[in-house]
file structure.csv (CSV, C-alpha atoms)
chain,number,residue,atom,x,y,z
A,1,MET,CA,5.2,37.4,-53.1
A,2,THR,CA,3.6,39.9,-50.7
A,3,ILE,CA,5.4,42.8,-49.0
A,4,VAL,CA,5.4,40.9,-45.7
A,5,GLU,CA,6.9,37.8,-47.3
A,6,SER,CA,9.6,39.8,-49.2
A,7,THR,CA,10.5,41.6,-46.0
A,8,ALA,CA,10.7,38.4,-44.1
A,9,HIS,CA,12.8,36.9,-46.8
A,10,ARG,CA,15.3,39.8,-46.7
A,11,LEU,CA,15.6,39.6,-42.9
A,12,ALA,CA,16.0,35.9,-43.1
A,13,GLY,CA,18.9,36.4,-45.5
A,14,ILE,CA,20.5,38.8,-43.1
A,15,PHE,CA,20.1,36.3,-40.3
A,16,THR,CA,21.6,33.5,-42.3
A,17,LYS,CA,24.5,35.7,-43.4
A,18,TYR,CA,25.6,36.8,-40.0
A,19,VAL,CA,24.3,34.2,-37.6
A,20,THR,CA,26.8,31.4,-38.5
A,21,THR,CA,28.5,28.7,-36.5
A,22,GLN,CA,31.8,30.7,-36.6
A,23,ASN,CA,30.3,33.9,-35.4
A,24,THR,CA,28.4,32.1,-32.7
A,25,ARG,CA,31.6,30.5,-31.5
A,26,ARG,CA,33.4,33.9,-31.5
A,27,PHE,CA,30.6,35.4,-29.4
A,28,GLU,CA,30.9,32.5,-27.0
A,29,VAL,CA,34.6,33.1,-26.6
A,30,VAL,CA,34.0,36.8,-25.9
A,31,ILE,CA,31.4,35.9,-23.3
A,32,ILE,CA,33.7,33.5,-21.6
A,33,ARG,CA,36.5,36.0,-21.5
A,34,LEU,CA,34.2,38.7,-20.1
A,35,ALA,CA,32.9,36.2,-17.5
A,36,VAL,CA,36.4,35.5,-16.3
A,37,LEU,CA,37.4,39.2,-16.3
A,38,PHE,CA,34.3,40.4,-14.4
A,39,PHE,CA,34.5,37.5,-12.0
A,40,LEU,CA,38.0,38.7,-11.0
A,41,CYS,CA,36.9,42.3,-10.9
A,42,HIS,CA,34.0,41.4,-8.6
A,43,LEU,CA,36.3,39.5,-6.3
A,44,GLY,CA,38.6,42.6,-6.3
A,45,LEU,CA,35.7,44.9,-5.5
A,46,ILE,CA,34.6,42.7,-2.6
A,47,PHE,CA,38.1,42.8,-1.2
A,48,LEU,CA,38.1,46.6,-1.4
A,49,PHE,CA,34.7,47.0,0.1
A,50,ASN,CA,35.6,44.7,3.0
A,51,HIS,CA,39.0,46.2,3.7
A,52,VAL,CA,38.5,49.9,2.8
A,53,PRO,CA,35.5,51.0,4.9
A,54,ALA,CA,35.5,54.5,3.3
A,55,LEU,CA,34.3,53.0,0.0
A,56,TYR,CA,31.2,51.2,1.4
A,57,ARG,CA,30.1,51.4,5.0
A,58,GLY,CA,27.1,49.1,4.6
A,59,HIS,CA,28.1,45.6,5.5
A,60,SER,CA,30.9,43.1,4.6
A,61,PHE,CA,30.4,41.0,1.5
A,62,ASN,CA,30.9,37.3,1.2
A,63,TYR,CA,33.3,36.3,-1.6
A,64,LEU,CA,30.8,33.7,-2.8
A,65,LYS,CA,28.7,36.5,-4.1
A,66,ALA,CA,31.2,36.9,-6.9
A,67,ILE,CA,30.1,33.6,-8.4
A,68,TYR,CA,26.8,35.4,-9.4
A,69,THR,CA,28.7,37.5,-12.0
A,70,PRO,CA,30.0,34.7,-14.3
A,71,PHE,CA,26.7,33.0,-14.1
A,72,SER,CA,25.1,36.3,-15.4
A,73,PHE,CA,27.3,36.2,-18.4
A,74,ILE,CA,26.5,32.6,-19.1
A,75,LEU,CA,22.8,33.5,-19.0
A,76,VAL,CA,23.4,36.3,-21.5
A,77,TYR,CA,24.9,33.7,-23.9
A,78,GLU,CA,22.0,31.3,-23.2
A,79,VAL,CA,19.5,34.1,-24.1
A,80,PHE,CA,21.4,34.7,-27.3
A,81,LEU,CA,21.2,31.0,-28.1
A,82,LEU,CA,17.5,31.1,-27.3
A,83,VAL,CA,17.0,33.8,-30.0
A,84,ILE,CA,19.0,32.1,-32.7
A,85,ILE,CA,17.5,28.6,-32.1
A,86,LEU,CA,14.0,29.8,-32.9
A,87,PRO,CA,14.2,29.1,-36.7
A,88,GLU,CA,15.2,25.5,-36.0
A,89,SER,CA,12.2,24.5,-33.9
A,90,MET,CA,9.5,26.0,-31.7
A,91,THR,CA,9.9,23.1,-29.3
A,92,GLU,CA,13.6,23.7,-28.9
A,93,PHE,CA,12.8,27.4,-28.4
A,94,ILE,CA,10.6,26.7,-25.4
A,95,ALA,CA,13.1,24.1,-24.1
A,96,LYS,CA,15.8,26.7,-24.1
A,97,GLN,CA,13.5,29.0,-22.1
A,98,PHE,CA,13.3,26.2,-19.5
A,99,GLU,CA,17.1,25.9,-19.5
A,100,ILE,CA,17.4,29.7,-18.9
A,101,ILE,CA,14.9,29.7,-16.0
A,102,THR,CA,16.7,26.7,-14.4
A,103,LEU,CA,20.0,28.6,-14.7
A,104,ILE,CA,18.4,31.7,-13.2
A,105,THR,CA,17.3,29.6,-10.2
A,106,LEU,CA,20.8,28.1,-9.8
A,107,ARG,CA,22.3,31.6,-10.0
A,108,SER,CA,19.9,32.6,-7.2
A,109,PHE,CA,21.5,30.0,-5.0
A,110,PHE,CA,25.0,31.5,-5.5
A,111,HIS,CA,23.5,34.9,-4.8
A,112,ASP,CA,21.7,33.9,-1.7
A,113,ILE,CA,24.4,31.6,-0.2
A,114,ALA,CA,26.5,34.7,0.3
A,115,SER,CA,23.9,35.9,2.9
A,116,VAL,CA,24.4,32.7,5.0
A,117,PRO,CA,26.8,33.3,7.9
A,118,MET,CA,29.7,31.0,7.3
A,119,HIS,CA,31.5,31.6,10.6
A,120,ALA,CA,28.4,31.4,12.9
A,121,PRO,CA,26.0,28.7,13.9
A,122,ILE,CA,23.5,28.0,11.0
A,123,HIS,CA,19.9,27.3,12.0
A,124,ALA,CA,17.4,25.5,9.7
A,125,SER,CA,14.8,28.2,10.5
A,126,ASP,CA,17.1,30.9,9.2
A,127,PRO,CA,15.2,32.6,6.2
A,128,ALA,CA,18.5,32.5,4.2
A,129,VAL,CA,18.8,28.8,4.7
A,130,ILE,CA,15.2,28.2,3.8
A,131,GLY,CA,15.6,30.2,0.6
A,132,LEU,CA,18.6,28.1,-0.4
A,133,GLY,CA,16.5,25.0,0.1
A,134,TYR,CA,13.8,26.5,-2.2
A,135,ASP,CA,16.4,27.2,-4.8
A,136,LEU,CA,17.9,23.7,-4.7
A,137,ILE,CA,14.6,21.8,-4.8
A,138,ALA,CA,13.2,24.0,-7.5
A,139,SER,CA,16.3,23.7,-9.7
A,140,ILE,CA,16.3,19.9,-9.4
A,141,ILE,CA,12.6,19.7,-10.4
A,142,MET,CA,13.2,22.2,-13.3
A,143,PHE,CA,16.2,20.3,-14.5
A,144,THR,CA,14.3,17.0,-14.4
A,145,LEU,CA,11.3,18.4,-16.3
A,146,THR,CA,13.7,20.0,-18.9
A,147,VAL,CA,15.4,16.6,-19.5
A,148,VAL,CA,12.0,15.0,-19.9
A,149,PHE,CA,10.9,17.7,-22.3
A,150,HIS,CA,14.0,17.2,-24.4
A,151,ARG,CA,13.5,13.4,-24.4
A,152,LEU,CA,9.9,13.8,-25.6
A,153,HIS,CA,11.0,16.3,-28.3
A,154,SER,CA,13.7,14.0,-29.6
A,155,ARG,CA,11.2,11.2,-30.1
A,156,HIS,CA,8.7,13.4,-31.9
A,157,ARG,CA,10.5,16.1,-33.8
A,158,GLU,CA,8.8,18.9,-35.8
A,159,ARG,CA,9.2,18.7,-39.6
A,160,ASP,CA,10.4,22.2,-40.1
A,161,GLY,CA,12.9,21.3,-42.7
A,162,GLN,CA,10.4,20.3,-45.4
A,163,PRO,CA,10.4,22.4,-48.6
A,164,ASP,CA,6.7,23.4,-48.2
A,165,LEU,CA,7.6,25.0,-44.8
A,166,GLN,CA,10.6,27.0,-46.1
A,167,ARG,CA,8.6,30.2,-46.0
A,168,PHE,CA,7.6,29.6,-42.4
A,169,ILE,CA,11.3,29.1,-41.6
A,170,ASP,CA,12.0,32.5,-43.3
A,171,PHE,CA,9.4,34.1,-41.1
A,172,LYS,CA,11.0,32.6,-38.0
A,173,LYS,CA,14.5,33.7,-39.1
A,174,SER,CA,13.1,37.2,-39.6
A,175,VAL,CA,11.6,37.2,-36.1
A,176,SER,CA,14.9,36.0,-34.7
A,177,ALA,CA,16.7,38.8,-36.5
A,178,ILE,CA,14.3,41.3,-34.9
A,179,LEU,CA,14.7,39.6,-31.5
A,180,ILE,CA,18.5,40.0,-31.8
A,181,ALA,CA,18.1,43.7,-32.3
A,182,VAL,CA,15.6,43.9,-29.4
A,183,LEU,CA,18.1,41.9,-27.2
A,184,LEU,CA,20.9,44.4,-27.9
A,185,VAL,CA,18.7,47.4,-27.2
A,186,THR,CA,17.2,45.8,-24.1
A,187,SER,CA,20.5,44.7,-22.7
A,188,ALA,CA,22.0,48.2,-23.1
A,189,TYR,CA,18.9,49.8,-21.6
A,190,SER,CA,18.7,47.3,-18.7
A,191,PHE,CA,22.4,47.8,-17.9
A,192,LEU,CA,22.0,51.6,-17.8
A,193,SER,CA,18.8,51.3,-15.6
A,194,TRP,CA,20.6,48.9,-13.2
A,195,ALA,CA,23.6,51.2,-13.0
A,196,SER,CA,21.4,54.2,-12.3
A,197,HIS,CA,19.9,52.3,-9.3
A,198,ALA,CA,23.2,50.7,-8.2
A,199,TRP,CA,25.0,54.0,-7.9
A,200,PRO,CA,22.6,55.5,-5.3
A,201,ALA,CA,22.7,52.2,-3.5
A,202,LEU,CA,26.5,52.4,-3.3
A,203,VAL,CA,26.4,56.1,-2.1
A,204,ASN,CA,23.6,55.4,0.4
A,205,ASN,CA,25.0,52.1,1.6
A,206,SER,CA,21.8,50.3,0.8
A,207,GLU,CA,21.0,47.0,-0.9
A,208,PHE,CA,22.0,46.7,-4.6
A,209,PRO,CA,19.1,46.2,-7.1
A,210,ASP,CA,18.3,42.8,-8.5
A,211,PRO,CA,19.5,42.5,-12.2
A,212,ASN,CA,16.6,40.1,-13.0
A,213,SER,CA,14.0,42.8,-12.6
A,214,PHE,CA,15.7,45.0,-15.2
A,215,PHE,CA,16.5,42.5,-18.1
A,216,TYR,CA,14.7,39.2,-18.1
A,217,VAL,CA,11.2,40.6,-17.3
A,218,ASP,CA,11.4,43.0,-20.3
A,219,PHE,CA,12.8,40.4,-22.7
A,220,PHE,CA,10.2,37.7,-21.7
A,221,ASN,CA,7.5,40.3,-22.4
A,222,VAL,CA,8.9,40.6,-26.0
A,223,MET,CA,9.1,36.8,-26.3
A,224,ILE,CA,5.4,36.4,-25.4
A,225,TYR,CA,4.4,38.6,-28.4
A,226,ALA,CA,6.9,36.8,-30.6
A,227,ASP,CA,5.3,33.5,-29.7
A,228,VAL,CA,1.8,34.8,-30.4
A,229,LEU,CA,3.0,36.1,-33.8
A,230,LEU,CA,4.5,32.8,-34.8
A,231,LEU,CA,1.5,30.9,-33.6
A,232,ILE,CA,-0.7,33.0,-35.9
A,233,ILE,CA,1.7,32.6,-38.9
A,234,SER,CA,1.9,28.9,-38.3
A,235,PHE,CA,-1.8,28.6,-39.1
A,236,LEU,CA,-0.9,29.2,-42.8
A,237,TYR,CA,1.2,26.0,-42.8
A,238,ASP,CA,-0.3,23.7,-40.1
A,239,SER,CA,-3.7,24.4,-38.7
A,240,SER,CA,-4.3,21.0,-37.2
A,241,PHE,CA,-5.9,20.9,-33.7
A,242,PHE,CA,-2.9,19.2,-32.1
A,243,SER,CA,-0.3,21.6,-33.5
A,244,VAL,CA,-2.4,24.6,-32.3
A,245,VAL,CA,-2.7,23.1,-28.8
A,246,ARG,CA,1.0,22.4,-28.7
A,247,ASN,CA,2.0,25.9,-29.8
A,248,ALA,CA,-0.7,27.5,-27.5
A,249,SER,CA,0.8,25.5,-24.6
A,250,PHE,CA,4.2,27.0,-25.4
A,251,ILE,CA,2.7,30.5,-25.2
A,252,ILE,CA,1.0,29.7,-21.9
A,253,SER,CA,4.4,28.5,-20.5
A,254,THR,CA,6.1,31.6,-21.6
A,255,VAL,CA,3.5,33.8,-19.9
A,256,LEU,CA,3.8,31.8,-16.7
A,257,LEU,CA,7.6,32.0,-16.8
A,258,ARG,CA,7.3,35.8,-17.3
A,259,LEU,CA,5.0,36.0,-14.3
A,260,SER,CA,7.4,34.0,-12.2
A,261,LEU,CA,10.1,36.5,-12.7
A,262,SER,CA,8.0,39.2,-10.9
A,263,MET,CA,7.1,37.0,-7.9
A,264,GLU,CA,8.7,36.4,-4.6
A,265,ARG,CA,10.1,33.1,-3.5
A,266,PRO,CA,8.8,30.4,-3.2
A,267,MET,CA,5.8,31.4,-5.4
A,268,ASN,CA,8.1,32.2,-8.3
A,269,HIS,CA,9.4,28.6,-8.3
A,270,VAL,CA,5.9,27.2,-8.0
A,271,VAL,CA,4.7,29.1,-11.0
A,272,ALA,CA,7.8,28.3,-13.1
A,273,ILE,CA,7.4,24.6,-12.3
A,274,CYS,CA,3.8,24.8,-13.3
A,275,ALA,CA,4.9,26.3,-16.6
A,276,PHE,CA,7.4,23.5,-17.1
A,277,SER,CA,4.8,20.8,-16.1
A,278,PHE,CA,2.2,22.2,-18.5
A,279,SER,CA,4.3,21.9,-21.6
A,280,VAL,CA,5.7,18.6,-20.6
A,281,THR,CA,2.2,17.2,-20.0
A,282,VAL,CA,1.1,18.4,-23.4
A,283,MET,CA,4.2,16.9,-25.1
A,284,LEU,CA,3.6,13.7,-23.3
A,285,ILE,CA,0.0,13.5,-24.5
A,286,LEU,CA,1.1,14.2,-28.0
A,287,HIS,CA,3.8,11.6,-27.8
A,288,VAL,CA,1.3,8.9,-26.6
A,289,ARG,CA,-1.0,9.9,-29.4
A,290,HIS,CA,1.8,9.6,-31.9
A,291,ARG,CA,2.8,6.2,-30.8
A,292,ARG,CA,-0.7,4.8,-30.6
A,293,PRO,CA,-1.6,2.7,-33.7
A,294,GLU,CA,-4.6,3.8,-35.7
A,295,LEU,CA,-7.6,1.5,-35.3
A,296,PRO,CA,-8.7,-0.2,-38.4
A,297,ALA,CA,-11.8,1.2,-40.0
A,298,LYS,CA,-15.0,-0.7,-39.5
A,299,ALA,CA,-16.6,-2.3,-42.6

call {"tool": "encode", "arguments": {"input": "structure.csv", "output": "structure tokens"}}
result
Amino acid sequence: MTIVESTAHRLAGIFTKYVTTQNTRRFEVVIIRLAVLFFLCHLGLIFLFNHVPALYRGHSFNYLKAIYTPFSFILVYEVFLLVIILPESMTEFIAKQFEIITLITLRSFFHDIASVPMHAPIHASDPAVIGLGYDLIASIIMFTLTVVFHRLHSRHRERDGQPDLQRFIDFKKSVSAILIAVLLVTSAYSFLSWASHAWPALVNNSEFPDPNSFFYVDFFNVMIYADVLLLIISFLYDSSFFSVVRNASFIISTVLLRLSLSMERPMNHVVAICAFSFSVTVMLILHVRHRRPELPAKA
């Protein structure tokens, strides 16, 4: 056993020891409690900002904006699931990325609806209303493509559980263990970066920074390199043309999703939907090929 394989085996053991169903459930409970707590805190802050002008003299806040906060905690938990699901299946890994992007789009709706005047006439040409339409249409399309992707995957699952692929599973567990550490560091750094920008916004009565630009961009950058690493390692166990194309399509989708996070609406939705559609199309082609009976050989 090489040094790389022994290191991967040790990291896989650490992953198996600590990433258990019980610990995952405990983390889920903590996230839910934090989501409720910060949701109530956000509502309280909005009340203070709206009724104590000395705290924030920018503009009044809509209470609907507080819905953005619990959704953010749900997304944190989904990112954690994304990391720990990697050893099970590369396909489920990309499917979880689709779910996260869909939830980010839905969260954008709750963020943007707070900018729509609720006690004044609403016009269809209002940029805020148009933005809400983009979010709703994009989220429906993303959700549909995610369902299709899951259905295709359920009909043609990867055979990661075979004994001859156990070393590959160890490699994926080791990558997941590293990604968990990266997730913790990135989360702490991103929160501090956001707070350092949010405080001047509070003092200067300016717009608060978008949390997406501090966390998800950096983490998706890391996932791109993790995908490439796993693609290279997978050659040792399955170098068939179709597997290479499938895994390469996943990397392309991850790159496109990363690009979408840095784009303005509606182009971010267009690029994300292209990423979804590309992987779904590849999976559909592979599904058709898998179902097609082999032609008898000619005499």

call {"tool": "closest_residue", "arguments": {"input": "structure.csv", "among": "A:Phe98, A:Phe171, A:Phe71, A:Trp199", "to": "A:Ala272", "atoms": "all atoms listed in the file"}}
result
A:Phe98

call {"tool": "residues_around", "arguments": {"input": "structure.csv", "residues": "A:Phe93", "least_positions_apart": "6", "cutoff": "8 Å", "atoms": "all atoms listed in the file", "output": "short mmCIF file (atom, residue, chain, number, x, y, z; two decimals) with C-alpha atoms, in the coordinates of the input"}}
result
data_model
loop_
_atom_site.label_atom_id
_atom_site.label_comp_id
_atom_site.auth_asym_id
_atom_site.auth_seq_id
_atom_site.Cartn_x
_atom_site.Cartn_y
_atom_site.Cartn_z
CA LEU A 82 17.50 31.10 -27.30
CA VAL A 83 17.00 33.80 -30.00
CA ILE A 85 17.50 28.60 -32.10
CA LEU A 86 14.00 29.80 -32.90
#

call {"tool": "atom_distance", "arguments": {"input": "structure.csv", "atom1": "atom CA of A:His42", "atom2": "atom CA of A:Ile84"}}
result
29.9 Å

call {"tool": "atom_distance", "arguments": {"input": "structure.csv", "atom1": "atom CA of A:Asn62", "atom2": "atom CA of A:Gly131"}}
result
16.9 Å

call {"tool": "closest_residue", "arguments": {"input": "structure.csv", "among": "A:Glu5, A:Asp218, A:Asp112, A:Glu92", "to": "A:Asn247", "atoms": "only C-alpha atoms"}}
result
A:Glu92

call {"tool": "residues_around", "arguments": {"input": "structure.csv", "residues": "A:Leu132", "least_positions_apart": "2", "cutoff": "7 Å", "atoms": "all atoms listed in the file", "output": "MDAnalysis selection string"}}
result
chainID A and resid 109 112:113 128:130 134:136

call {"tool": "decode", "arguments": {"input": "structure.csv", "residues": "stretch 200-287 of chain A", "atoms": "C-alpha atoms", "output": "short mmCIF file (atom, residue, chain, number, x, y, z; two decimals), in the first residue's frame"}}
result
data_model
loop_
_atom_site.label_atom_id
_atom_site.label_comp_id
_atom_site.auth_asym_id
_atom_site.auth_seq_id
_atom_site.Cartn_x
_atom_site.Cartn_y
_atom_site.Cartn_z
CA PRO A 200 -19.66 49.62 7.91
CA ALA A 201 -22.99 49.20 6.08
CA LEU A 202 -24.80 49.52 9.40
CA VAL A 203 -22.77 52.55 10.43
CA ASN A 204 -23.05 54.28 7.04
CA ASN A 205 -26.72 53.34 6.48
CA SER A 206 -25.86 51.58 3.23
CA GLU A 207 -26.94 48.28 1.66
CA PHE A 208 -25.88 45.13 3.49
CA PRO A 209 -23.54 42.78 1.56
CA ASP A 210 -24.85 39.62 -0.10
CA PRO A 211 -23.79 36.52 1.92
CA ASN A 212 -23.66 34.42 -1.27
CA SER A 213 -20.61 36.30 -2.49
CA PHE A 214 -18.67 35.37 0.66
CA PHE A 215 -19.35 31.66 1.14
CA TYR A 216 -20.77 29.73 -1.80
CA VAL A 217 -18.34 31.12 -4.37
CA ASP A 218 -15.30 30.02 -2.36
CA PHE A 219 -16.75 26.62 -1.51
CA PHE A 220 -17.76 25.86 -5.09
CA ASN A 221 -14.20 26.74 -6.13
CA VAL A 222 -12.95 24.02 -3.79
CA MET A 223 -15.51 21.53 -5.09
CA ILE A 224 -14.33 22.02 -8.67
CA TYR A 225 -10.84 20.85 -7.72
CA ALA A 226 -12.28 18.01 -5.63
CA ASP A 227 -14.30 16.85 -8.65
CA VAL A 228 -11.22 16.93 -10.89
CA LEU A 229 -9.19 14.98 -8.32
CA LEU A 230 -11.85 12.28 -8.05
CA LEU A 231 -12.15 12.11 -11.84
CA ILE A 232 -8.42 11.42 -12.12
CA ILE A 233 -8.49 8.82 -9.35
CA SER A 234 -11.54 7.12 -10.90
CA PHE A 235 -9.42 6.26 -13.97
CA LEU A 236 -7.69 3.63 -11.83
CA TYR A 237 -10.97 1.76 -11.36
CA ASP A 238 -13.15 2.62 -14.36
CA SER A 239 -11.59 4.13 -17.46
CA SER A 240 -14.47 3.42 -19.83
CA PHE A 241 -15.37 6.20 -22.24
CA PHE A 242 -18.91 6.54 -20.91
CA SER A 243 -17.84 6.87 -17.28
CA VAL A 244 -15.27 9.50 -18.20
CA VAL A 245 -17.87 11.50 -20.13
CA ARG A 246 -20.35 11.25 -17.25
CA ASN A 247 -17.82 12.40 -14.64
CA ALA A 248 -16.50 15.14 -16.94
CA SER A 249 -20.07 16.40 -17.40
CA PHE A 250 -20.36 16.66 -13.63
CA ILE A 251 -17.23 18.81 -13.48
CA ILE A 252 -18.55 21.03 -16.26
CA SER A 253 -21.82 21.44 -14.37
CA THR A 254 -19.97 22.36 -11.17
CA VAL A 255 -17.92 24.96 -13.05
CA LEU A 256 -21.06 26.47 -14.59
CA LEU A 257 -22.79 26.56 -11.21
CA ARG A 258 -19.77 28.32 -9.75
CA LEU A 259 -19.90 30.90 -12.56
CA SER A 260 -23.60 31.46 -12.03
CA LEU A 261 -22.96 32.51 -8.43
CA SER A 262 -20.90 35.47 -9.66
CA MET A 263 -23.39 36.66 -12.29
CA GLU A 264 -26.24 39.09 -12.14
CA ARG A 265 -29.83 38.07 -12.61
CA PRO A 266 -31.18 36.75 -14.98
CA MET A 267 -27.91 35.46 -16.50
CA ASN A 268 -27.08 33.59 -13.29
CA HIS A 269 -30.31 31.61 -13.68
CA VAL A 270 -29.63 30.94 -17.36
CA VAL A 271 -26.14 29.60 -16.70
CA ALA A 272 -27.33 27.48 -13.75
CA ILE A 273 -30.14 25.97 -15.84
CA CYS A 274 -27.60 25.21 -18.58
CA ALA A 275 -25.52 23.35 -15.97
CA PHE A 276 -28.56 21.35 -14.87
CA SER A 277 -29.59 20.61 -18.45
CA PHE A 278 -26.12 19.48 -19.50
CA SER A 279 -25.85 16.81 -16.80
CA VAL A 280 -29.46 15.72 -17.27
CA THR A 281 -28.87 15.32 -21.00
CA VAL A 282 -25.74 13.23 -20.46
CA MET A 283 -27.55 11.04 -17.93
CA LEU A 284 -30.49 10.64 -20.31
CA ILE A 285 -28.21 9.53 -23.13
CA LEU A 286 -26.47 7.04 -20.84
CA HIS A 287 -29.84 5.77 -19.66
#
